[in-house]
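Dumped protein_34.tsv below, it's TSV, C-alpha atoms and all ligand atoms:
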```
chain	number	residue	atom	x	y	z
A	1339	MET	CA	-13.28	19.12	10.66
A	1340	ILE	CA	-13.03	18.07	6.98
A	1341	GLU	CA	-14.88	14.94	6.03
A	1342	ALA	CA	-15.28	13.46	2.55
A	1343	VAL	CA	-17.54	10.48	2.10
A	1344	ASN	CA	-17.60	8.33	-1.03
A	1345	LEU	CA	-16.27	11.21	-3.11
A	1346	SER	CA	-16.27	10.46	-6.84
A	1347	LYS	CA	-15.74	12.41	-10.04
A	1348	SER	CA	-16.13	11.25	-13.61
A	1349	PHE	CA	-15.16	13.25	-16.68
A	1350	LYS	CA	-17.17	11.79	-19.58
A	1351	ASN	CA	-16.19	8.11	-19.41
A	1352	HIS	CA	-13.14	8.60	-17.23
A	1353	GLU	CA	-13.43	8.08	-13.47
A	1354	ALA	CA	-10.79	10.45	-12.06
A	1355	VAL	CA	-11.75	9.86	-8.39
A	1356	LYS	CA	-13.47	6.67	-7.31
A	1357	GLY	CA	-15.38	6.78	-4.02
A	1358	VAL	CA	-12.69	8.06	-1.67
A	1359	HIS	CA	-13.04	8.91	2.02
A	1360	PHE	CA	-11.01	11.49	3.94
A	1361	PHE	CA	-11.14	12.65	7.52
A	1362	ILE	CA	-8.93	15.53	8.53
A	1363	GLU	CA	-8.74	17.01	12.04
A	1364	GLN	CA	-8.11	20.63	12.83
A	1365	GLY	CA	-4.40	21.44	13.05
A	1366	GLU	CA	-3.19	18.45	11.04
A	1367	ILE	CA	-0.86	18.58	8.05
A	1368	VAL	CA	-2.11	15.86	5.78
A	1369	GLY	CA	-0.24	14.75	2.68
A	1370	LEU	CA	-1.94	13.56	-0.46
A	1371	LEU	CA	0.65	11.60	-2.34
A	1372	GLY	CA	0.42	10.04	-5.76
A	1373	PRO	CA	1.86	10.03	-9.26
A	1374	ASN	CA	0.64	12.34	-12.06
A	1375	GLY	CA	-2.95	11.61	-12.94
A	1376	ALA	CA	-3.71	9.82	-9.64
A	1377	GLY	CA	-6.65	12.15	-9.00
A	1378	LYS	CA	-5.12	14.40	-6.33
A	1379	SER	CA	-6.03	17.72	-7.96
A	1380	THR	CA	-9.55	16.55	-8.71
A	1381	ALA	CA	-9.99	15.37	-5.10
A	1382	ILE	CA	-8.84	18.64	-3.57
A	1383	SER	CA	-10.83	20.67	-6.10
A	1384	MET	CA	-13.95	18.88	-4.82
A	1385	ILE	CA	-12.93	19.55	-1.20
A	1386	SER	CA	-12.48	23.24	-2.02
A	1387	SER	CA	-15.79	23.51	-3.95
A	1388	LEU	CA	-14.15	24.25	-7.32
A	1389	VAL	CA	-15.31	20.96	-8.86
A	1390	LYS	CA	-18.71	19.40	-8.20
A	1391	PRO	CA	-18.58	15.72	-7.23
A	1392	THR	CA	-20.42	13.19	-9.39
A	1393	GLU	CA	-21.20	11.36	-6.17
A	1394	GLY	CA	-20.47	11.69	-2.47
A	1395	GLU	CA	-20.18	14.65	-0.17
A	1396	VAL	CA	-17.65	16.87	1.58
A	1397	THR	CA	-18.34	18.72	4.81
A	1398	ILE	CA	-16.13	21.31	6.44
A	1399	ASN	CA	-16.98	22.26	10.03
A	1400	ASN	CA	-20.20	20.29	9.43
A	1401	ILE	CA	-21.19	22.53	6.51
A	1402	SER	CA	-21.82	20.84	3.17
A	1403	VAL	CA	-19.34	22.09	0.58
A	1404	THR	CA	-21.62	21.34	-2.37
A	1405	LYS	CA	-24.67	23.00	-0.83
A	1406	ASN	CA	-22.92	26.03	0.66
A	1407	PRO	CA	-19.80	26.74	-1.40
A	1408	GLY	CA	-19.97	30.45	-0.54
A	1409	SER	CA	-19.86	29.95	3.21
A	1410	ILE	CA	-17.03	27.42	3.27
A	1411	ARG	CA	-14.77	29.50	1.02
A	1412	ARG	CA	-14.11	31.89	3.87
A	1413	PHE	CA	-12.45	29.05	5.82
A	1414	LEU	CA	-10.33	27.99	2.88
A	1415	GLY	CA	-7.16	29.22	1.24
A	1416	VAL	CA	-6.39	27.41	-2.00
A	1417	VAL	CA	-2.96	27.45	-3.62
A	1418	PRO	CA	-3.45	26.15	-7.17
A	1419	GLN	CA	-0.83	24.27	-9.14
A	1420	GLU	CA	-0.61	27.03	-11.76
A	1421	ILE	CA	0.55	30.54	-10.90
A	1422	ALA	CA	-2.76	32.39	-10.58
A	1423	VAL	CA	-1.59	36.02	-10.33
A	1424	PHE	CA	-1.23	38.88	-12.80
A	1425	GLN	CA	2.29	38.95	-14.24
A	1426	ASP	CA	2.06	42.63	-15.27
A	1427	LEU	CA	1.24	43.82	-11.76
A	1428	THR	CA	3.55	44.05	-8.75
A	1429	ALA	CA	3.11	41.65	-5.83
A	1430	ARG	CA	1.51	44.41	-3.76
A	1431	GLU	CA	-0.91	45.34	-6.57
A	1432	ASN	CA	-1.87	41.69	-6.96
A	1433	LEU	CA	-2.53	41.39	-3.23
A	1434	LYS	CA	-4.66	44.56	-3.29
A	1435	PHE	CA	-6.70	43.16	-6.16
A	1436	PHE	CA	-7.28	39.76	-4.57
A	1437	GLY	CA	-7.79	41.29	-1.11
A	1438	ARG	CA	-10.68	43.36	-2.49
A	1439	ALA	CA	-12.14	40.20	-4.00
A	1440	TYR	CA	-12.18	38.86	-0.41
A	1441	ARG	CA	-13.90	42.12	0.59
A	1442	LEU	CA	-10.93	43.39	2.56
A	1443	LYS	CA	-10.25	47.10	2.30
A	1444	GLY	CA	-8.59	50.20	3.74
A	1445	LYS	CA	-6.21	49.84	6.67
A	1446	THR	CA	-7.18	46.21	7.32
A	1447	LEU	CA	-6.17	45.24	3.80
A	1448	LYS	CA	-2.96	47.26	3.94
A	1449	LYS	CA	-1.95	45.64	7.22
A	1450	ARG	CA	-2.76	42.15	5.99
A	1451	ILE	CA	-0.77	42.72	2.77
A	1452	THR	CA	2.25	43.67	4.88
A	1453	GLU	CA	1.78	40.52	6.99
A	1454	VAL	CA	1.41	38.06	4.12
A	1455	LEU	CA	4.39	39.57	2.28
A	1456	GLU	CA	6.39	39.00	5.45
A	1457	ILE	CA	5.13	35.40	5.82
A	1458	VAL	CA	6.25	34.45	2.29
A	1459	GLY	CA	9.46	36.49	2.46
A	1460	LEU	CA	8.67	38.95	-0.35
A	1461	THR	CA	8.65	42.24	1.59
A	1462	ASP	CA	11.79	43.51	-0.17
A	1463	ARG	CA	10.43	42.72	-3.64
A	1464	ALA	CA	6.81	43.74	-3.04
A	1465	ASP	CA	6.89	46.55	-5.59
A	1466	ASP	CA	8.54	44.60	-8.42
A	1467	LEU	CA	6.49	43.29	-11.32
A	1468	VAL	CA	5.67	39.59	-10.87
A	1469	LYS	CA	6.89	38.86	-14.42
A	1470	ASN	CA	10.40	39.69	-13.22
A	1471	TYR	CA	10.20	37.19	-10.33
A	1472	SER	CA	11.95	33.81	-10.26
A	1473	GLY	CA	9.76	30.68	-10.42
A	1474	GLY	CA	10.10	30.24	-6.66
A	1475	MET	CA	9.04	33.84	-5.94
A	1476	LYS	CA	5.98	33.42	-8.17
A	1477	ARG	CA	5.02	30.36	-6.17
A	1478	ARG	CA	5.41	32.38	-2.96
A	1479	ILE	CA	3.12	35.19	-4.16
A	1480	ASN	CA	0.62	32.47	-5.14
A	1481	ILE	CA	0.69	31.34	-1.49
A	1482	ALA	CA	0.43	34.92	-0.17
A	1483	VAL	CA	-2.80	35.43	-2.13
A	1484	ALA	CA	-4.31	32.32	-0.53
A	1485	LEU	CA	-3.44	33.59	2.96
A	1486	LEU	CA	-4.99	37.07	2.66
A	1487	HIS	CA	-8.29	36.28	4.36
A	1488	HIS	CA	-6.78	34.34	7.34
A	1489	PRO	CA	-8.03	30.92	6.25
A	1490	GLN	CA	-8.29	28.13	8.83
A	1491	ILE	CA	-7.46	25.59	6.16
A	1492	LEU	CA	-4.82	25.83	3.47
A	1493	ILE	CA	-5.04	23.51	0.48
A	1494	MET	CA	-1.84	23.37	-1.56
A	1495	ASP	CA	-1.58	21.62	-4.92
A	1496	GLU	CA	2.05	20.69	-5.60
A	1497	PRO	CA	3.34	24.11	-4.51
A	1498	THR	CA	7.01	23.38	-5.12
A	1499	VAL	CA	7.00	21.94	-8.64
A	1500	GLY	CA	9.85	23.21	-10.79
A	1501	ILE	CA	11.54	25.64	-8.40
A	1502	ASP	CA	15.01	26.07	-6.96
A	1503	PRO	CA	15.95	24.22	-3.74
A	1504	GLN	CA	16.18	27.44	-1.68
A	1505	SER	CA	12.65	28.59	-2.52
A	1506	ARG	CA	11.47	25.05	-1.96
A	1507	SER	CA	12.84	24.86	1.55
A	1508	TYR	CA	11.48	28.37	2.25
A	1509	ILE	CA	8.01	27.19	1.25
A	1510	LEU	CA	8.27	24.03	3.36
A	1511	GLU	CA	9.33	26.08	6.39
A	1512	THR	CA	6.47	28.53	5.79
A	1513	VAL	CA	3.98	25.67	5.74
A	1514	ARG	CA	5.37	24.33	9.03
A	1515	ARG	CA	5.27	27.77	10.64
A	1516	LEU	CA	1.66	28.40	9.58
A	1517	ASN	CA	0.71	25.07	11.08
A	1518	ARG	CA	2.62	25.52	14.35
A	1519	GLU	CA	2.02	29.19	14.99
A	1520	GLU	CA	-1.51	29.60	13.65
A	1521	ASN	CA	-2.72	26.00	14.04
A	1522	MET	CA	-3.63	26.08	10.37
A	1523	THR	CA	-4.92	22.81	8.94
A	1524	ILE	CA	-3.02	21.96	5.77
A	1525	ILE	CA	-3.69	19.58	2.90
A	1526	TYR	CA	-0.52	19.24	0.89
A	1527	THR	CA	-0.45	17.35	-2.40
A	1528	SER	CA	2.85	16.30	-3.83
A	1529	HIS	CA	4.67	13.66	-5.75
A	1530	TYR	CA	7.85	14.44	-3.84
A	1531	MET	CA	8.05	11.77	-1.17
A	1532	GLU	CA	10.66	13.62	0.88
A	1533	GLU	CA	8.42	16.71	1.25
A	1534	VAL	CA	5.57	14.62	2.54
A	1535	GLU	CA	7.90	12.73	4.89
A	1536	TYR	CA	9.20	16.02	6.23
A	1537	LEU	CA	5.90	17.86	6.63
A	1538	CYS	CA	2.97	15.59	7.13
A	1539	ASP	CA	1.42	14.06	10.24
A	1540	ARG	CA	-0.64	11.70	8.12
A	1541	VAL	CA	-0.58	10.60	4.52
A	1542	TYR	CA	-3.16	9.41	2.00
A	1543	ILE	CA	-1.63	7.54	-0.91
A	1544	MET	CA	-3.68	7.83	-4.12
A	1545	ASP	CA	-3.34	5.89	-7.35
A	1546	HIS	CA	-5.75	5.56	-10.29
A	1547	GLY	CA	-8.42	7.60	-8.48
A	1548	GLU	CA	-8.38	5.50	-5.31
A	1549	ILE	CA	-6.85	5.79	-1.85
A	1550	ILE	CA	-4.69	2.70	-1.66
A	1551	ALA	CA	-3.30	3.32	1.83
A	1552	SER	CA	-3.50	5.91	4.57
A	1553	GLY	CA	-2.13	6.50	8.02
A	1554	ARG	CA	0.75	7.98	9.97
A	1555	GLN	CA	4.12	7.43	8.35
A	1556	ALA	CA	5.10	4.74	10.85
A	1557	GLU	CA	1.82	2.93	10.21
A	1558	LEU	CA	2.41	2.98	6.46
A	1559	GLN	CA	5.97	1.75	6.87
A	1560	ALA	CA	4.64	-1.09	9.03
A	1561	ILE	CA	2.93	-2.44	5.89
A	1562	LEU	CA	6.39	-3.66	4.99
A	1563	THR	CA	7.57	-5.16	8.31
A	1564	GLN	CA	8.08	-8.51	6.62
A	1565	GLU	CA	10.17	-6.95	3.83
A	1566	ASN	CA	13.60	-5.49	3.28
A	1567	THR	CA	14.75	-3.06	0.63
A	1568	ILE	CA	17.84	-4.41	-1.11
A	1569	VAL	CA	19.92	-2.08	-3.27
A	1570	VAL	CA	22.28	-3.95	-5.57
A	1571	GLN	CA	24.93	-2.34	-7.73
A	1572	PHE	CA	25.66	-4.60	-10.71
A	1573	SER	CA	28.56	-4.01	-13.09
A	1574	ARG	CA	25.90	-3.65	-15.84
A	1575	VAL	CA	22.27	-4.64	-16.42
A	1576	ALA	CA	22.44	-7.72	-18.66
A	1577	ASN	CA	19.53	-8.92	-20.75
A	1578	GLY	CA	16.81	-10.61	-18.75
A	1579	ILE	CA	18.35	-10.01	-15.32
A	1580	LEU	CA	15.54	-7.69	-14.20
A	1581	ASP	CA	12.88	-10.18	-15.34
A	1582	ARG	CA	14.59	-12.99	-13.46
A	1583	LEU	CA	14.77	-10.90	-10.28
A	1584	GLN	CA	11.13	-9.89	-10.67
A	1585	ALA	CA	10.12	-13.54	-11.13
A	1586	HIS	CA	11.75	-14.55	-7.83
A	1587	PRO	CA	8.98	-15.71	-5.48
A	1588	LEU	CA	10.28	-13.65	-2.53
A	1589	VAL	CA	10.68	-10.41	-4.53
A	1590	SER	CA	7.66	-8.09	-4.75
A	1591	SER	CA	9.14	-5.29	-6.86
A	1592	VAL	CA	12.19	-4.37	-8.92
A	1593	THR	CA	13.18	-0.90	-10.14
A	1594	HIS	CA	16.50	0.32	-11.47
A	1595	GLN	CA	18.49	3.41	-12.30
A	1596	GLY	CA	21.22	2.31	-14.64
A	1597	ALA	CA	22.90	-0.70	-13.08
A	1598	ALA	CA	21.71	0.14	-9.53
A	1599	VAL	CA	18.73	-2.12	-8.86
A	1600	THR	CA	16.32	-1.73	-5.93
A	1601	LEU	CA	14.37	-4.78	-4.81
A	1602	ILE	CA	11.68	-5.14	-2.20
A	1603	ALA	CA	11.89	-8.70	-0.96
A	1604	LYS	CA	10.74	-10.83	1.96
A	1605	LYS	CA	13.19	-10.88	4.87
A	1606	ASP	CA	14.85	-14.17	4.02
A	1607	THR	CA	18.53	-15.00	3.72
A	1608	GLU	CA	17.83	-17.08	0.62
A	1609	VAL	CA	17.19	-13.94	-1.46
A	1610	LEU	CA	20.76	-12.64	-1.26
A	1611	GLY	CA	22.21	-15.99	-2.35
A	1612	ASP	CA	19.76	-16.16	-5.26
A	1613	ILE	CA	20.64	-12.63	-6.40
A	1614	PHE	CA	24.28	-13.72	-6.45
A	1615	VAL	CA	23.43	-16.80	-8.58
A	1616	ILE	CA	21.25	-14.75	-10.98
A	1617	ALA	CA	24.11	-12.27	-11.45
A	1618	GLN	CA	26.64	-15.04	-12.04
A	1619	GLU	CA	24.43	-16.76	-14.59
A	1620	ALA	CA	23.92	-13.45	-16.41
A	1621	GLY	CA	27.69	-12.91	-16.44
A	1622	VAL	CA	27.65	-9.66	-14.43
A	1623	GLN	CA	29.46	-8.75	-11.24
A	1624	LEU	CA	27.90	-7.64	-7.98
A	1625	GLN	CA	29.73	-4.47	-6.95
A	1626	SER	CA	27.80	-3.80	-3.75
A	1627	VAL	CA	24.72	-4.93	-1.85
A	1628	GLU	CA	22.94	-2.86	0.78
A	1629	VAL	CA	20.01	-4.10	2.87
A	1630	LYS	CA	17.82	-1.33	4.32
A	1631	SER	CA	14.53	-0.86	6.16
A	1632	PRO	CA	11.74	0.20	3.80
A	1633	THR	CA	10.90	3.91	3.39
A	1634	LEU	CA	7.60	5.52	2.46
A	1635	GLU	CA	8.77	5.46	-1.17
A	1636	ASP	CA	9.23	1.68	-0.86
A	1637	VAL	CA	5.71	1.35	0.55
A	1638	PHE	CA	4.42	3.20	-2.49
A	1639	LEU	CA	6.43	0.96	-4.79
A	1640	HIS	CA	5.15	-2.14	-3.04
A	1641	LEU	CA	1.52	-0.99	-3.32
A	1642	THR	CA	1.57	0.24	-6.90
A	1643	GLY	CA	4.49	-1.55	-8.53
A	1644	ARG	CA	5.78	1.87	-9.66
A	1645	THR	CA	7.95	4.63	-8.30
A	1646	LEU	CA	6.37	8.04	-7.82
A	1647	ARG	CA	8.47	9.53	-10.62
A	1648	ASN	CA	7.23	7.00	-13.23
A	1701	LIG	N1	-11.38	18.65	-16.55
A	1701	LIG	C1	-11.02	17.41	-16.88
A	1701	LIG	N2	-11.55	16.81	-17.97
A	1701	LIG	C2	-11.22	15.54	-18.31
A	1701	LIG	N3	-10.34	14.78	-17.61
A	1701	LIG	C3	-9.77	15.33	-16.52
A	1701	LIG	C4	-10.08	16.67	-16.10
A	1701	LIG	N4	-9.36	16.93	-14.97
A	1701	LIG	C5	-8.63	15.82	-14.71
A	1701	LIG	N5	-8.88	14.86	-15.62
A	1701	LIG	C6	-8.29	13.51	-15.66
A	1701	LIG	O1	-8.49	12.91	-14.39
A	1701	LIG	C7	-7.36	12.18	-13.97
A	1701	LIG	C8	-6.85	12.70	-12.64
A	1701	LIG	O2	-6.31	14.00	-12.83
A	1701	LIG	P1	-5.76	14.90	-11.64
A	1701	LIG	O3	-5.28	16.20	-12.22
A	1701	LIG	O4	-6.78	14.96	-10.57
A	1701	LIG	O5	-4.52	14.04	-11.13
A	1701	LIG	P2	-3.31	14.48	-10.19
A	1701	LIG	O6	-3.04	13.34	-9.29
A	1701	LIG	O7	-3.59	15.78	-9.55
A	1701	LIG	O8	-2.13	14.61	-11.21
A	1701	LIG	P3	-1.22	15.88	-11.54
A	1701	LIG	O9	-0.14	15.82	-10.54
A	1701	LIG	O10	-0.74	15.58	-12.93
A	1701	LIG	O11	-2.09	17.08	-11.45
A	1701	LIG	C9	-6.32	12.31	-15.09
A	1701	LIG	O12	-6.43	11.16	-15.91
A	1701	LIG	C10	-6.78	13.55	-15.84
A	1701	LIG	O13	-6.41	13.48	-17.19
```
Let me see the file written as C-alpha cells.
Amino acid sequence: MIEAVNLSKSFKNHEAVKGVHFFIEQGEIVGLLGPNGAGKSTAISMISSLVKPTEGEVTINNISVTKNPGSIRRFLGVVPQEIAVFQDLTARENLKFFGRAYRLKGKTLKKRITEVLEIVGLTDRADDLVKNYSGGMKRRINIAVALLHHPQILIMDEPTVGIDPQSRSYILETVRRLNREENMTIIYTSHYMEEVEYLCDRVYIMDHGEIIASGRQAELQAILTQENTIVVQFSRVANGILDRLQAHPLVSSVTHQGAAVTLIAKKDTEVLGDIFVIAQEAGVQLQSVEVKSPTLEDVFLHLTGRTLRN
C-alpha cells in the first residue's frame, strides 16, 4: 500500500534521510522509532508529500506521491508535531474551517464534525476556545482535524509529546480503535519505546538518517538472543568503573542512572563474576543484580550505543 524506495533528503550539506526503504500494508500500525534528529519527521514528511525527496520515490496505492501530491492527500491524514489549529477559535470553529479546506460542507460537514469530536473525546468542550484547552486536549483537536476527511492512512508525528498521562492513554486508545474499527493504516513516530511496544505491529528503528533495523517486535528482540540485560545497583559509581565495564569483552553497552547501571552482555556466567571483581577493585558494594531478557529499548541500545532519551 505504501512503498518508499531509496528515499533520501539533504538540507544543504546535511543528509537528514539516507536512502531508506519502507513497505507498509493496509491495516498495519507501524512504528517509526528513533532519537531526536534521527530523520523521522523528514521521512514522514516525504511520505505525506510535504517535503520533496532529493532522491527516491514514495508510492501510495501505486500512485507516485511526488508526481501526484494532490491525489494522494485525500487518502492521508497527517497529525503534525506542532499544534496546527487556531488558538482563538473554538474546536468546532477550527473543524469547520479545516473541513471546508477539505471541501466538506453543509450537513455532511456538520455530521463529520460531531463524529470526530466524539472520536477524540472533545464533544463536551467543542465550543470552548482552543487557547483554554490543556496540552493534551490541543493534541486531540490536532488529531480530529486530520480525521475530518475519513483518511485511509493516518500519519502521526510524536502525538503525545509533553502531555499528561491521561490524555496520552486516551490518544493511544484512539489510535488502536481507529485501526481496529476502521482498519486505518497508521504510521506512528515516537521516541517513547513503551508506546511503540504497546501499539505497533511492526517497527522501523531510525538513527542518523538510516533504518538500522526493522521487523515485528519479536524479530527485533531476537537480535539479542545471545545477550542478557544485567541491571546492577552499586552503592555509588566510582571513578572509572563504567569504563572498565564497557571495556569488558563480553559487554556490548553500558548506561547508568545514578548508581544503577544497565549492561547488555553475552550470556556467559563469567560476566557476573567479573562485575563483582570490578566493583571490589573500585571499592564499591554491589547492592543488587538482576538478569533480564532484552527489551526493544535494549535492542535500540545495542544497535546505537545510546538510549532513546539521550
Ligand atoms: N528544514 C530543514 N532544514 C535544515 N535541516 C533540517 C530541516 N529539517 C530537518 N533538518 C535536520 O535533519 C535532521 C533530521 O531531522 P528530523 O526532524 O527529521 O528528525 P526527527 O527524528 O524527526 O527528530 P525530532 O524528534 O527532533 O523531530 C536533523 O539534523 C535536523 O536538524
Residues contacting ligand LIG 1701 (chain A) - anything with an atom at most 12 Å away, using all atoms listed in the file - can you give me those as a CSV table (one decimal) with C-alpha atoms, in the frame of the given file?
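Result saved to selection.csv:
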```
chain,number,residue,atom,x,y,z
A,1346,SER,CA,-16.3,10.5,-6.8
A,1347,LYS,CA,-15.7,12.4,-10.0
A,1348,SER,CA,-16.1,11.2,-13.6
A,1349,PHE,CA,-15.2,13.2,-16.7
A,1350,LYS,CA,-17.2,11.8,-19.6
A,1351,ASN,CA,-16.2,8.1,-19.4
A,1352,HIS,CA,-13.1,8.6,-17.2
A,1353,GLU,CA,-13.4,8.1,-13.5
A,1354,ALA,CA,-10.8,10.4,-12.1
A,1355,VAL,CA,-11.8,9.9,-8.4
A,1356,LYS,CA,-13.5,6.7,-7.3
A,1370,LEU,CA,-1.9,13.6,-0.5
A,1371,LEU,CA,0.6,11.6,-2.3
A,1372,GLY,CA,0.4,10.0,-5.8
A,1373,PRO,CA,1.9,10.0,-9.3
A,1374,ASN,CA,0.6,12.3,-12.1
A,1375,GLY,CA,-3.0,11.6,-12.9
A,1376,ALA,CA,-3.7,9.8,-9.6
A,1377,GLY,CA,-6.6,12.2,-9.0
A,1378,LYS,CA,-5.1,14.4,-6.3
A,1379,SER,CA,-6.0,17.7,-8.0
A,1380,THR,CA,-9.6,16.6,-8.7
A,1381,ALA,CA,-10.0,15.4,-5.1
A,1382,ILE,CA,-8.8,18.6,-3.6
A,1383,SER,CA,-10.8,20.7,-6.1
A,1384,MET,CA,-14.0,18.9,-4.8
A,1388,LEU,CA,-14.2,24.2,-7.3
A,1389,VAL,CA,-15.3,21.0,-8.9
A,1390,LYS,CA,-18.7,19.4,-8.2
A,1418,PRO,CA,-3.4,26.2,-7.2
A,1419,GLN,CA,-0.8,24.3,-9.1
A,1420,GLU,CA,-0.6,27.0,-11.8
A,1494,MET,CA,-1.8,23.4,-1.6
A,1495,ASP,CA,-1.6,21.6,-4.9
A,1496,GLU,CA,2.0,20.7,-5.6
A,1497,PRO,CA,3.3,24.1,-4.5
A,1498,THR,CA,7.0,23.4,-5.1
A,1499,VAL,CA,7.0,21.9,-8.6
A,1526,TYR,CA,-0.5,19.2,0.9
A,1527,THR,CA,-0.4,17.4,-2.4
A,1528,SER,CA,2.8,16.3,-3.8
A,1529,HIS,CA,4.7,13.7,-5.8
A,1530,TYR,CA,7.8,14.4,-3.8
A,1542,TYR,CA,-3.2,9.4,2.0
A,1543,ILE,CA,-1.6,7.5,-0.9
A,1544,MET,CA,-3.7,7.8,-4.1
A,1545,ASP,CA,-3.3,5.9,-7.4
A,1546,HIS,CA,-5.8,5.6,-10.3
A,1547,GLY,CA,-8.4,7.6,-8.5
A,1548,GLU,CA,-8.4,5.5,-5.3
A,1549,ILE,CA,-6.8,5.8,-1.8
A,1646,LEU,CA,6.4,8.0,-7.8
A,1647,ARG,CA,8.5,9.5,-10.6
A,1648,ASN,CA,7.2,7.0,-13.2
```
CA of Ala1429 (chain A) to CA of Arg1463 (chain A): how many Å, to one decimal?
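Going from CA of Ala1429 (chain A) over to CA of Arg1463 (chain A), I get 7.7 Å.
CA of Ile1613 (chain A) is found 9.6 Å from CA of Ile1579 (chain A).
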Among A:Thr1523, A:Asn1480, A:Ser1409, A:Thr1633, Ile1362 (chain A) is approached most closely, using all atoms listed in the file, by A:Thr1523
Identify the residues within 9 Å of coordinate (27.0, -6.8, -14.5) (same frame as the file), considering all atoms listed in the file, and give the answer as a PyMOL selection string.
chain A and resi 1571-1576+1597+1617-1618+1620-1625
Go ahead and compute the interatomic distance for CA of Val1416 (chain A) and CA of Ile1550 (chain A), in Å to one decimal.
24.8 Å
Neighbours of Leu1510 (chain A) within 10 Å (all atoms listed in the file; same-chain residues fewer than 6 positions away dropped), as a list in words?
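Surrounding residues, per the criterion: Pro1497, Thr1498, Gln1504, Glu1533, Val1534, Tyr1536 and Leu1537 of chain A.
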Distance query Gln1555 (chain A) at most 8 Å, only C-alpha atoms, self and fewer than 6 positions along chain excluded, as a ChimeraX atom specification
/A:1535,1539-1541,1634
Which of these, A:Thr1593, A:Ser1472, A:Asn1400, A:Gln1559, has the shortest distance to Ile1501 (chain A) once you count all atoms listed in the file?
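Among A:Thr1593, A:Ser1472, A:Asn1400, A:Gln1559, it is A:Ser1472 that comes nearest to Ile1501 (chain A).
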Would you mind telling me which residue in A:Ser1590, A:Tyr1440, A:Ile1493, A:Phe1424 lies nearest to Ser1387 (chain A) when using only C-alpha atoms?
A:Ile1493
Report as a compact mmCIF listing (two decimals) with C-alpha atoms, in the frame of the given file all protein, DNA and RNA residues lying within 7 Å of region 1640-1643 of chain A, evaluated on all atoms listed in the file, omitting residues in the same chain fewer than 2 positions from it.
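Everything below was put into part_24.txt:
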```txt
# COMPACT_ATOMS: atom_id res chain seq x y z
CA SER A 1590 7.66 -8.09 -4.75
CA SER A 1591 9.14 -5.29 -6.86
CA ASP A 1636 9.23 1.68 -0.86
CA VAL A 1637 5.71 1.35 0.55
CA PHE A 1638 4.42 3.20 -2.49
```
Residue contacts of His1359 (chain A) (6 Å, only C-alpha atoms) excluding same-chain residues fewer than 3 positions away, as a PyMOL selection string:
chain A and resi 1342-1344
Could you check which of A:Ala1603, A:Val1417, A:Val1458, A:Met1475 is closest to Val1589 (chain A), using only C-alpha atoms?
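Among A:Ala1603, A:Val1417, A:Val1458, A:Met1475, it is A:Ala1603 that comes nearest to Val1589 (chain A).
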Closest to Ile1340 (chain A) among A:Ala1422, A:Ile1491, A:Thr1512, A:Ile1457, using only C-alpha atoms?
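Of A:Ala1422, A:Ile1491, A:Thr1512, A:Ile1457, the one nearest Ile1340 (chain A) is A:Ile1491, counting only C-alpha atoms.
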Min atom-atom distance to Ile1410 (chain A) from the set A:Gly1369, A:Ile1481, A:Gln1490, A:Asp1465, counting all atoms listed in the file, belongs to A:Gln1490
Need the axis-aligned box for region 1619-1625 of chain A with 3 Å each side, so what are the centre and edges in Å to one decimal, as AutoDock Vina command-line options?
```
--center_x 26.8 --center_y -10.6 --center_z -11.7 --size_x 11.8 --size_y 18.3 --size_z 15.5
```
From the structure just shown, export region 1524-1551 of chain A with C-alpha atoms as a CSV table (one decimal), in the first residue's frame.
```csv
chain,number,residue,atom,x,y,z
A,1524,ILE,CA,-1.2,4.1,10.9
A,1525,ILE,CA,2.4,5.4,10.9
A,1526,TYR,CA,3.3,6.4,14.4
A,1527,THR,CA,6.6,8.1,15.1
A,1528,SER,CA,7.8,8.3,18.7
A,1529,HIS,CA,10.8,8.3,20.9
A,1530,TYR,CA,8.7,6.6,23.6
A,1531,MET,CA,9.6,3.0,23.4
A,1532,GLU,CA,6.6,1.8,25.5
A,1533,GLU,CA,4.1,3.5,23.2
A,1534,VAL,CA,5.6,1.7,20.2
A,1535,GLU,CA,5.7,-1.6,22.1
A,1536,TYR,CA,2.0,-1.1,23.0
A,1537,LEU,CA,0.7,0.0,19.6
A,1538,CYS,CA,2.7,-1.2,16.7
A,1539,ASP,CA,2.6,-4.4,14.7
A,1540,ARG,CA,6.0,-3.6,13.1
A,1541,VAL,CA,8.8,-1.2,13.9
A,1542,TYR,CA,11.4,0.6,11.9
A,1543,ILE,CA,14.3,1.9,14.0
A,1544,MET,CA,16.0,5.0,12.6
A,1545,ASP,CA,19.2,6.6,13.6
A,1546,HIS,CA,21.3,9.3,11.8
A,1547,GLY,CA,19.0,9.2,8.8
A,1548,GLU,CA,19.1,5.4,8.3
A,1549,ILE,CA,16.9,2.5,9.1
A,1550,ILE,CA,19.2,0.4,11.3
A,1551,ALA,CA,16.7,-2.4,12.0
```
